[in-house]
$ cat target_24.cif   # mmCIF, C-alpha atoms
data_start
loop_
_atom_site.label_atom_id
_atom_site.label_comp_id
_atom_site.auth_asym_id
_atom_site.auth_seq_id
_atom_site.Cartn_x
_atom_site.Cartn_y
_atom_site.Cartn_z
CA MET A 1 35.17 153.03 -63.37
CA ALA A 2 32.94 149.97 -63.59
CA ASP A 3 29.77 150.25 -65.65
CA ARG A 4 26.96 151.80 -63.63
CA LYS A 5 23.21 151.92 -64.14
CA PRO A 6 21.83 155.12 -65.66
CA ILE A 7 21.19 157.81 -63.06
CA GLU A 8 17.48 157.82 -62.24
CA SER A 9 17.57 159.97 -59.09
CA TRP A 10 19.74 162.79 -57.79
CA LEU A 11 20.83 163.95 -54.37
CA THR A 12 22.66 167.25 -54.06
CA ASP A 13 24.17 169.20 -51.23
CA MET A 14 22.95 172.78 -50.84
CA ASP A 15 25.72 175.09 -49.58
CA GLY A 16 28.63 175.20 -52.00
CA VAL A 17 26.68 173.41 -54.74
CA LEU A 18 23.45 175.36 -55.26
CA ILE A 19 24.18 178.48 -53.20
CA HIS A 20 27.18 180.27 -51.76
CA GLU A 21 26.77 182.79 -48.93
CA GLY A 22 23.13 183.39 -49.80
CA VAL A 23 23.66 183.75 -53.56
CA PRO A 24 22.66 181.11 -56.14
CA ILE A 25 25.58 179.51 -57.97
CA PRO A 26 25.24 179.94 -61.76
CA GLY A 27 23.48 176.91 -63.22
CA ALA A 28 21.66 175.94 -60.01
CA ASP A 29 18.29 177.23 -61.24
CA SER A 30 18.69 175.43 -64.59
CA PHE A 31 19.66 172.18 -62.85
CA LEU A 32 16.67 172.28 -60.50
CA LYS A 33 14.29 173.21 -63.34
CA LYS A 34 15.57 170.27 -65.40
CA LEU A 35 15.09 167.94 -62.43
CA ARG A 36 11.51 169.07 -61.86
CA GLU A 37 10.68 168.74 -65.56
CA SER A 38 12.25 165.29 -65.79
CA GLY A 39 10.06 163.85 -63.06
CA LYS A 40 13.08 162.06 -61.60
CA PRO A 41 13.18 161.75 -57.79
CA PHE A 42 15.59 164.20 -56.19
CA LEU A 43 16.58 165.64 -52.84
CA VAL A 44 18.46 168.72 -51.73
CA LEU A 45 20.43 167.80 -48.61
CA THR A 46 21.98 169.85 -45.85
CA ASN A 47 23.83 168.95 -42.66
CA ASN A 48 22.53 172.19 -41.16
CA SER A 49 19.79 171.34 -38.67
CA ILE A 50 18.74 174.92 -37.83
CA TYR A 51 15.93 175.23 -40.37
CA THR A 52 12.86 173.16 -41.17
CA PRO A 53 12.28 172.11 -44.79
CA ARG A 54 9.53 174.76 -44.95
CA ASP A 55 12.03 177.42 -43.81
CA LEU A 56 14.61 176.28 -46.37
CA HIS A 57 12.01 176.19 -49.15
CA ALA A 58 11.17 179.84 -48.41
CA ARG A 59 14.83 180.89 -48.15
CA LEU A 60 15.71 179.21 -51.45
CA ARG A 61 12.66 180.68 -53.15
CA ARG A 62 13.75 184.18 -52.15
CA MET A 63 17.02 183.44 -53.96
CA GLY A 64 15.12 182.37 -57.08
CA LEU A 65 15.50 178.61 -56.54
CA ASP A 66 12.32 176.53 -56.48
CA VAL A 67 12.73 173.39 -54.36
CA PRO A 68 9.51 171.75 -53.11
CA ILE A 69 9.37 171.15 -49.34
CA GLU A 70 9.18 167.38 -49.85
CA ASN A 71 12.46 167.48 -51.80
CA ILE A 72 14.49 168.87 -48.90
CA TRP A 73 16.26 166.49 -46.50
CA THR A 74 18.15 167.75 -43.45
CA SER A 75 20.35 166.15 -40.82
CA ALA A 76 17.55 166.95 -38.34
CA LEU A 77 15.12 164.78 -40.34
CA ALA A 78 17.72 162.00 -40.60
CA THR A 79 18.29 162.20 -36.85
CA ALA A 80 14.56 162.04 -36.13
CA LYS A 81 14.13 159.05 -38.46
CA PHE A 82 17.00 157.27 -36.71
CA LEU A 83 15.56 157.91 -33.24
CA ASP A 84 12.05 156.89 -34.33
CA ASP A 85 13.47 153.57 -35.53
CA GLN A 86 15.60 153.08 -32.43
CA ARG A 87 13.17 154.14 -29.70
CA PRO A 88 9.69 155.21 -30.86
CA ASN A 89 7.92 157.81 -28.71
CA GLY A 90 11.03 158.46 -26.66
CA SER A 91 12.29 161.61 -24.98
CA ALA A 92 15.20 163.94 -25.58
CA TYR A 93 16.98 166.97 -24.21
CA VAL A 94 17.76 169.10 -27.26
CA LEU A 95 20.40 171.72 -27.93
CA GLY A 96 19.29 173.12 -31.25
CA GLU A 97 16.85 175.20 -33.24
CA ALA A 98 13.40 174.78 -34.79
CA GLY A 99 14.62 172.46 -37.54
CA LEU A 100 15.57 169.86 -34.95
CA THR A 101 12.85 170.39 -32.35
CA THR A 102 10.14 170.33 -35.03
CA ALA A 103 11.50 167.09 -36.52
CA LEU A 104 11.48 165.44 -33.09
CA HIS A 105 8.01 166.73 -32.24
CA ASP A 106 6.75 165.34 -35.55
CA ILE A 107 7.81 161.79 -34.59
CA GLY A 108 6.08 162.07 -31.21
CA TYR A 109 9.13 162.73 -29.06
CA ILE A 110 8.84 164.50 -25.71
CA LEU A 111 11.43 167.24 -25.23
CA THR A 112 12.48 167.31 -21.59
CA ASP A 113 15.42 167.72 -19.25
CA HIS A 114 14.02 165.13 -16.82
CA GLU A 115 15.68 161.74 -17.35
CA PRO A 116 15.58 161.89 -21.18
CA ASP A 117 16.45 158.85 -23.29
CA TYR A 118 18.77 161.00 -25.42
CA VAL A 119 20.70 164.21 -25.44
CA VAL A 120 20.46 165.47 -29.03
CA LEU A 121 22.91 168.13 -30.17
CA GLY A 122 22.22 170.15 -33.30
CA GLU A 123 23.28 173.42 -34.88
CA THR A 124 22.49 176.71 -33.17
CA ARG A 125 23.95 180.20 -33.08
CA THR A 126 23.23 180.51 -29.35
CA TYR A 127 24.97 177.62 -27.55
CA SER A 128 24.79 178.42 -23.84
CA PHE A 129 27.18 177.26 -21.15
CA GLU A 130 24.17 176.39 -18.98
CA ALA A 131 22.65 174.15 -21.66
CA MET A 132 25.97 172.42 -22.34
CA THR A 133 26.48 171.83 -18.61
CA LYS A 134 23.01 170.28 -18.39
CA ALA A 135 23.78 168.07 -21.41
CA VAL A 136 27.00 166.87 -19.76
CA ARG A 137 25.17 165.98 -16.54
CA LEU A 138 22.35 164.17 -18.36
CA ILE A 139 24.81 162.13 -20.43
CA ASN A 140 26.76 161.26 -17.28
CA GLY A 141 23.41 160.24 -15.80
CA GLY A 142 22.74 157.72 -18.57
CA ALA A 143 21.22 159.61 -21.52
CA ARG A 144 22.57 158.49 -24.89
CA PHE A 145 24.44 161.14 -26.88
CA ILE A 146 23.25 161.85 -30.44
CA CYS A 147 24.51 164.57 -32.77
CA THR A 148 22.94 165.74 -36.01
CA ASN A 149 26.24 166.21 -37.88
CA PRO A 150 30.00 166.23 -37.33
CA ASP A 151 30.84 169.53 -39.10
CA GLU A 152 33.32 171.34 -36.86
CA THR A 153 32.92 174.70 -38.59
CA GLY A 154 30.24 176.40 -40.63
CA PRO A 155 30.36 179.24 -43.16
CA SER A 156 29.42 182.85 -42.53
CA THR A 157 30.08 186.15 -44.25
CA GLU A 158 32.60 186.99 -41.51
CA GLY A 159 34.44 183.66 -41.79
CA PRO A 160 34.18 180.17 -40.25
CA LEU A 161 31.99 179.67 -37.17
CA PRO A 162 32.27 176.89 -34.58
CA ALA A 163 29.65 174.30 -35.47
CA THR A 164 28.03 171.15 -34.08
CA GLY A 165 31.11 168.95 -34.26
CA ALA A 166 33.17 171.43 -32.24
CA VAL A 167 30.55 171.59 -29.48
CA ALA A 168 30.22 167.80 -29.58
CA ALA A 169 33.98 167.55 -28.95
CA LEU A 170 33.60 169.74 -25.87
CA ILE A 171 30.81 167.54 -24.48
CA THR A 172 32.76 164.38 -25.33
CA LYS A 173 35.78 165.73 -23.45
CA ALA A 174 33.61 166.43 -20.41
CA THR A 175 31.77 163.08 -20.44
CA GLY A 176 34.06 160.59 -22.13
CA LYS A 177 31.09 159.68 -24.38
CA THR A 178 31.33 159.94 -28.16
CA PRO A 179 28.07 160.82 -29.94
CA TYR A 180 26.43 158.96 -32.78
CA PHE A 181 26.39 161.34 -35.77
CA ALA A 182 23.31 160.92 -37.99
CA GLY A 183 24.28 163.38 -40.74
CA LYS A 184 26.85 163.21 -43.53
CA PRO A 185 29.23 161.44 -43.94
CA ASN A 186 27.11 158.78 -42.25
CA PRO A 187 25.51 156.89 -45.16
CA LEU A 188 22.43 156.61 -42.94
CA MET A 189 21.46 160.12 -44.03
CA MET A 190 21.73 159.13 -47.68
CA ARG A 191 19.87 155.84 -47.26
CA THR A 192 17.00 157.38 -45.29
CA GLY A 193 16.82 160.13 -47.90
CA LEU A 194 16.74 157.62 -50.75
CA ASN A 195 14.00 155.69 -48.96
CA ALA A 196 12.00 158.90 -48.54
CA ILE A 197 11.83 159.36 -52.34
CA GLY A 198 11.66 155.66 -53.24
CA ALA A 199 15.06 155.66 -54.94
CA HIS A 200 17.84 153.05 -55.11
CA SER A 201 21.51 153.71 -54.51
CA GLU A 202 22.77 151.84 -57.57
CA SER A 203 20.85 154.21 -59.88
CA SER A 204 21.40 157.40 -57.87
CA ALA A 205 24.05 160.12 -57.78
CA MET A 206 25.28 162.46 -55.06
CA ILE A 207 26.60 165.96 -55.85
CA GLY A 208 28.70 167.73 -53.25
CA ASP A 209 31.46 170.25 -52.65
CA ARG A 210 33.19 168.40 -49.80
CA MET A 211 35.22 165.23 -50.13
CA ASP A 212 35.02 164.41 -46.41
CA THR A 213 31.23 164.54 -46.12
CA ASP A 214 29.32 164.60 -49.42
CA VAL A 215 31.56 162.39 -51.54
CA LEU A 216 32.38 159.98 -48.71
CA ALA A 217 28.71 159.58 -47.79
CA GLY A 218 27.78 158.96 -51.43
CA ILE A 219 30.51 156.36 -51.87
CA GLU A 220 29.58 154.53 -48.68
CA ALA A 221 25.92 154.53 -49.69
CA GLY A 222 26.84 152.93 -53.04
CA MET A 223 26.04 155.92 -55.24
CA GLN A 224 27.81 157.66 -58.09
CA THR A 225 29.47 160.84 -56.83
CA PHE A 226 30.19 164.22 -58.39
CA LEU A 227 32.48 166.78 -56.78
CA VAL A 228 31.86 170.42 -57.75
CA LEU A 229 34.65 172.95 -57.28
CA THR A 230 32.42 175.82 -56.13
CA GLY A 231 32.69 175.03 -52.42
CA LEU A 232 35.15 173.87 -49.80
CA THR A 233 37.25 171.20 -51.55
CA GLY A 234 39.68 172.50 -54.16
CA PRO A 235 41.13 170.38 -56.99
CA GLU A 236 44.56 170.29 -55.33
CA GLN A 237 43.02 168.74 -52.18
CA VAL A 238 41.37 165.75 -53.86
CA GLU A 239 44.59 163.73 -53.88
CA ASN A 240 44.82 164.07 -50.10
CA PHE A 241 41.96 161.61 -49.71
CA PRO A 242 42.19 157.81 -50.08
CA TYR A 243 39.04 157.76 -52.24
CA ARG A 244 37.88 159.63 -55.33
CA PRO A 245 34.56 160.88 -56.68
CA SER A 246 33.18 159.31 -59.84
CA GLN A 247 33.74 162.65 -61.57
CA ILE A 248 35.00 166.16 -60.79
CA VAL A 249 33.26 169.11 -62.49
CA ASP A 250 33.68 172.85 -62.23
CA SER A 251 30.11 173.53 -61.08
CA ILE A 252 26.50 172.37 -61.05
CA ALA A 253 26.11 173.99 -64.48
CA ASP A 254 28.19 171.14 -65.94
CA LEU A 255 25.62 168.57 -64.79
CA VAL A 256 22.44 170.10 -66.25
CA ASP A 257 22.71 167.97 -69.40
CA ARG A 258 23.21 164.80 -67.32
CA VAL A 259 19.67 164.95 -65.92
#
$ encode --input "target_24.cif" --output "structure tokens"
Amino acid sequence: MADRKPIESWLTDMDGVLIHEGVPIPGADSFLKKLRESGKPFLVLTNNSIYTPRDLHARLRRMGLDVPIENIWTSALATAKFLDDQRPNGSAYVLGEAGLTTALHDIGYILTDHEPDYVVLGETRTYSFEAMTKAVRLINGGARFICTNPDETGPSTEGPLPATGAVAALITKATGKTPYFAGKPNPLMMRTGLNAIGAHSESSAMIGDRMDTDVLAGIEAGMQTFLVLTGLTGPEQVENFPYRPSQIVDSIADLVDRV
């Protein structure tokens, strides 16, 4: 690997890196403590758009992990930043939860089903046929189709759940319109996150558990990448991809001394 600048800022995925099914992964608390003590800019990222940063801060705190609200970056925030840049003070019909609606309200968007500029699809546990039908009709009527993230499944204690990408595929099939995905692996999410903490890609690192989202997004954003083996991608799967992380480690515990 070519010589890289020292790592001055860190971005890390949440599920599969810091927590797994609501339980902290060993070493996560030490890694976050070291980051806070170092004063280095950092972000905890998630493609899940259900929760606001305040919600996630409280959820993580209950698990014993202290992540300040301003150090949490979600696909909902990345989507809102993208829309604010594209069409300030616009309007949207939203299929999603508080994490997404709050982010859009905060940029001055009007949420409406009357001739919206955008249909914005995010994560929810209560997708309704009525809401999806309305989204299809609005997109066919000229609304642009935006999606927070392309994940087709999400984790649960009972097993995989259909996620945003799966519902997006349904709407695409019904409209012939492919959405713009703001979340990982789109490097837009990484770049907007880096801008939010005043960091630069050439001196930043991304930690993730998925080759197809975390590592790919980090590579395309020009960052160093670390794959941890505590989540979805196993060591035997790495060779299936045409790109590689900068380094593979067993878990976040192996990176504490790198901070």
$ resolve_selection --input "target_24.cif" --expression "the PyMOL selection byres ((chain A and resi 82-86) around 10)" --output "count of residues only"
23
$ residues_around --input "target_24.cif" --residues "Gly122 of chain A" --least-positions-apart "5" --cutoff "10 Å" --atoms "only C-alpha atoms" --output "PyMOL selection string"
chain A and resi 47-50+75-76+79+94-97+99-101+127+146-150+163-165+167-168
$ closest_residue --input "target_24.cif" --among "A:Thr52, A:Ile171, A:Val256, A:Glu158" --to "Ala131 of chain A" --atoms "all atoms listed in the file"
A:Ile171
$ resolve_selection --input "target_24.cif" --expression "the PyMOL selection byres ((chain A and resi 31) around 9)" --output "JSON, numbers by chain"
{"A": [27, 28, 29, 30, 32, 33, 34, 35, 36, 252, 253, 255, 256, 257, 259]}
$ closest_residue --input "target_24.cif" --among "A:Thr213, A:Lys134, A:Ser204, A:Val44" --to "Pro185 of chain A" --atoms "only C-alpha atoms"
A:Thr213
$ resolve_selection --input "target_24.cif" --expression "the PyMOL selection byres ((chain A and resi 137-144) around 10)" --output "VMD selection string"
chain A and resid 91 to 93 113 to 120 131 to 136 145 to 146 171 to 172 174 to 180
$ atom_distance --input "target_24.cif" --atom1 "atom CA of Ala196 of chain A" --atom2 "atom CA of Gly154 of chain A"
26.5 Å
$ closest_residue --input "target_24.cif" --among "A:Pro187, A:Gly218, A:Pro26, A:Pro68" --to "Pro53 of chain A" --atoms "all atoms listed in the file"
A:Pro68
$ residues_around --input "target_24.cif" --residues "Pro242 of chain A" --least-positions-apart "4" --cutoff "12 Å" --atoms "all atoms listed in the file" --output "VMD selection string"
chain A and resid 211 to 212 215 to 216 219 237 to 238
$ residues_near_point --input "target_24.cif" --point "(20.4, 181.8, -56.3)" --cutoff "7 Å" --atoms "all atoms listed in the file" --output "ChimeraX atom specification"
/A:19,23-25,63-65
$ closest_residue --input "target_24.cif" --among "A:Arg125, A:Tyr243, A:Glu220, A:His57" --to "Arg191 of chain A" --atoms "only C-alpha atoms"
A:Glu220
$ closest_residue --input "target_24.cif" --among "A:Ala98, A:Ile207, A:Val67, A:Ala169" --to "Asp151 of chain A" --atoms "only C-alpha atoms"
A:Ala169
$ atom_distance --input "target_24.cif" --atom1 "atom CA of Ala217 of chain A" --atom2 "atom CA of Asn195 of chain A"
15.3 Å
$ atom_distance --input "target_24.cif" --atom1 "atom CA of Phe42 of chain A" --atom2 "atom CA of Glu123 of chain A"
24.5 Å
$ build_atoms --input "target_24.cif" --residues "segment 49-71 of chain A" --atoms "N, CA, C and O atoms" --output "PDB file, in the frame of the given file"
ATOM      1  N   SER A  49      21.046 171.762 -39.296  1.00  0.00           N
ATOM      2  CA  SER A  49      19.790 171.340 -38.670  1.00  0.00           C
ATOM      3  C   SER A  49      18.990 172.513 -38.114  1.00  0.00           C
ATOM      4  O   SER A  49      17.992 172.313 -37.425  1.00  0.00           O
ATOM      5  N   ILE A  50      19.417 173.750 -38.397  1.00  0.00           N
ATOM      6  CA  ILE A  50      18.740 174.920 -37.830  1.00  0.00           C
ATOM      7  C   ILE A  50      17.330 175.087 -38.387  1.00  0.00           C
ATOM      8  O   ILE A  50      16.384 175.372 -37.651  1.00  0.00           O
ATOM      9  N   TYR A  51      17.180 174.886 -39.703  1.00  0.00           N
ATOM     10  CA  TYR A  51      15.930 175.230 -40.370  1.00  0.00           C
ATOM     11  C   TYR A  51      15.086 174.003 -40.698  1.00  0.00           C
ATOM     12  O   TYR A  51      15.610 172.922 -40.978  1.00  0.00           O
ATOM     13  N   THR A  52      13.765 174.199 -40.702  1.00  0.00           N
ATOM     14  CA  THR A  52      12.860 173.160 -41.170  1.00  0.00           C
ATOM     15  C   THR A  52      12.855 173.171 -42.698  1.00  0.00           C
ATOM     16  O   THR A  52      13.253 174.163 -43.322  1.00  0.00           O
ATOM     17  N   PRO A  53      12.399 172.087 -43.326  1.00  0.00           N
ATOM     18  CA  PRO A  53      12.280 172.110 -44.790  1.00  0.00           C
ATOM     19  C   PRO A  53      11.417 173.267 -45.295  1.00  0.00           C
ATOM     20  O   PRO A  53      11.704 173.856 -46.337  1.00  0.00           O
ATOM     21  N   ARG A  54      10.384 173.628 -44.551  1.00  0.00           N
ATOM     22  CA  ARG A  54       9.530 174.760 -44.950  1.00  0.00           C
ATOM     23  C   ARG A  54      10.334 176.062 -44.927  1.00  0.00           C
ATOM     24  O   ARG A  54      10.227 176.898 -45.840  1.00  0.00           O
ATOM     25  N   ASP A  55      11.167 176.234 -43.881  1.00  0.00           N
ATOM     26  CA  ASP A  55      12.030 177.420 -43.810  1.00  0.00           C
ATOM     27  C   ASP A  55      12.978 177.470 -44.995  1.00  0.00           C
ATOM     28  O   ASP A  55      13.163 178.518 -45.625  1.00  0.00           O
ATOM     29  N   LEU A  56      13.622 176.327 -45.284  1.00  0.00           N
ATOM     30  CA  LEU A  56      14.610 176.280 -46.370  1.00  0.00           C
ATOM     31  C   LEU A  56      13.952 176.518 -47.721  1.00  0.00           C
ATOM     32  O   LEU A  56      14.528 177.177 -48.589  1.00  0.00           O
ATOM     33  N   HIS A  57      12.767 175.963 -47.910  1.00  0.00           N
ATOM     34  CA  HIS A  57      12.010 176.190 -49.150  1.00  0.00           C
ATOM     35  C   HIS A  57      11.807 177.688 -49.365  1.00  0.00           C
ATOM     36  O   HIS A  57      12.020 178.208 -50.471  1.00  0.00           O
ATOM     37  N   ALA A  58      11.412 178.404 -48.298  1.00  0.00           N
ATOM     38  CA  ALA A  58      11.170 179.840 -48.410  1.00  0.00           C
ATOM     39  C   ALA A  58      12.467 180.605 -48.658  1.00  0.00           C
ATOM     40  O   ALA A  58      12.501 181.538 -49.477  1.00  0.00           O
ATOM     41  N   ARG A  59      13.545 180.210 -47.976  1.00  0.00           N
ATOM     42  CA  ARG A  59      14.830 180.890 -48.150  1.00  0.00           C
ATOM     43  C   ARG A  59      15.351 180.709 -49.582  1.00  0.00           C
ATOM     44  O   ARG A  59      15.835 181.656 -50.207  1.00  0.00           O
ATOM     45  N   LEU A  60      15.250 179.482 -50.097  1.00  0.00           N
ATOM     46  CA  LEU A  60      15.710 179.210 -51.450  1.00  0.00           C
ATOM     47  C   LEU A  60      14.845 179.952 -52.480  1.00  0.00           C
ATOM     48  O   LEU A  60      15.354 180.463 -53.480  1.00  0.00           O
ATOM     49  N   ARG A  61      13.560 180.007 -52.204  1.00  0.00           N
ATOM     50  CA  ARG A  61      12.660 180.680 -53.150  1.00  0.00           C
ATOM     51  C   ARG A  61      12.986 182.163 -53.260  1.00  0.00           C
ATOM     52  O   ARG A  61      12.897 182.754 -54.349  1.00  0.00           O
ATOM     53  N   ARG A  62      13.365 182.770 -52.118  1.00  0.00           N
ATOM     54  CA  ARG A  62      13.750 184.180 -52.150  1.00  0.00           C
ATOM     55  C   ARG A  62      15.005 184.405 -52.994  1.00  0.00           C
ATOM     56  O   ARG A  62      15.231 185.502 -53.504  1.00  0.00           O
ATOM     57  N   MET A  63      15.809 183.354 -53.137  1.00  0.00           N
ATOM     58  CA  MET A  63      17.020 183.440 -53.960  1.00  0.00           C
ATOM     59  C   MET A  63      16.735 183.082 -55.421  1.00  0.00           C
ATOM     60  O   MET A  63      17.642 183.065 -56.250  1.00  0.00           O
ATOM     61  N   GLY A  64      15.480 182.726 -55.720  1.00  0.00           N
ATOM     62  CA  GLY A  64      15.120 182.370 -57.080  1.00  0.00           C
ATOM     63  C   GLY A  64      15.230 180.895 -57.392  1.00  0.00           C
ATOM     64  O   GLY A  64      15.174 180.505 -58.569  1.00  0.00           O
ATOM     65  N   LEU A  65      15.377 180.063 -56.348  1.00  0.00           N
ATOM     66  CA  LEU A  65      15.500 178.610 -56.540  1.00  0.00           C
ATOM     67  C   LEU A  65      14.247 177.930 -56.002  1.00  0.00           C
ATOM     68  O   LEU A  65      13.890 178.095 -54.828  1.00  0.00           O
ATOM     69  N   ASP A  66      13.582 177.183 -56.852  1.00  0.00           N
ATOM     70  CA  ASP A  66      12.320 176.530 -56.480  1.00  0.00           C
ATOM     71  C   ASP A  66      12.576 175.070 -56.128  1.00  0.00           C
ATOM     72  O   ASP A  66      12.794 174.238 -57.015  1.00  0.00           O
ATOM     73  N   VAL A  67      12.566 174.770 -54.831  1.00  0.00           N
ATOM     74  CA  VAL A  67      12.730 173.390 -54.360  1.00  0.00           C
ATOM     75  C   VAL A  67      11.518 173.052 -53.487  1.00  0.00           C
ATOM     76  O   VAL A  67      11.329 173.651 -52.425  1.00  0.00           O
ATOM     77  N   PRO A  68      10.674 172.120 -53.920  1.00  0.00           N
ATOM     78  CA  PRO A  68       9.510 171.750 -53.110  1.00  0.00           C
ATOM     79  C   PRO A  68       9.926 171.276 -51.713  1.00  0.00           C
ATOM     80  O   PRO A  68      11.007 170.705 -51.534  1.00  0.00           O
ATOM     81  N   ILE A  69       9.070 171.516 -50.729  1.00  0.00           N
ATOM     82  CA  ILE A  69       9.370 171.150 -49.340  1.00  0.00           C
ATOM     83  C   ILE A  69       9.709 169.662 -49.228  1.00  0.00           C
ATOM     84  O   ILE A  69      10.643 169.279 -48.508  1.00  0.00           O
ATOM     85  N   GLU A  70       8.963 168.836 -49.952  1.00  0.00           N
ATOM     86  CA  GLU A  70       9.180 167.380 -49.850  1.00  0.00           C
ATOM     87  C   GLU A  70      10.487 166.925 -50.486  1.00  0.00           C
ATOM     88  O   GLU A  70      10.877 165.752 -50.344  1.00  0.00           O
ATOM     89  N   ASN A  71      11.176 167.831 -51.180  1.00  0.00           N
ATOM     90  CA  ASN A  71      12.460 167.480 -51.800  1.00  0.00           C
ATOM     91  C   ASN A  71      13.650 168.021 -51.019  1.00  0.00           C
ATOM     92  O   ASN A  71      14.760 168.096 -51.540  1.00  0.00           O
TER      93      ASN A  71
END
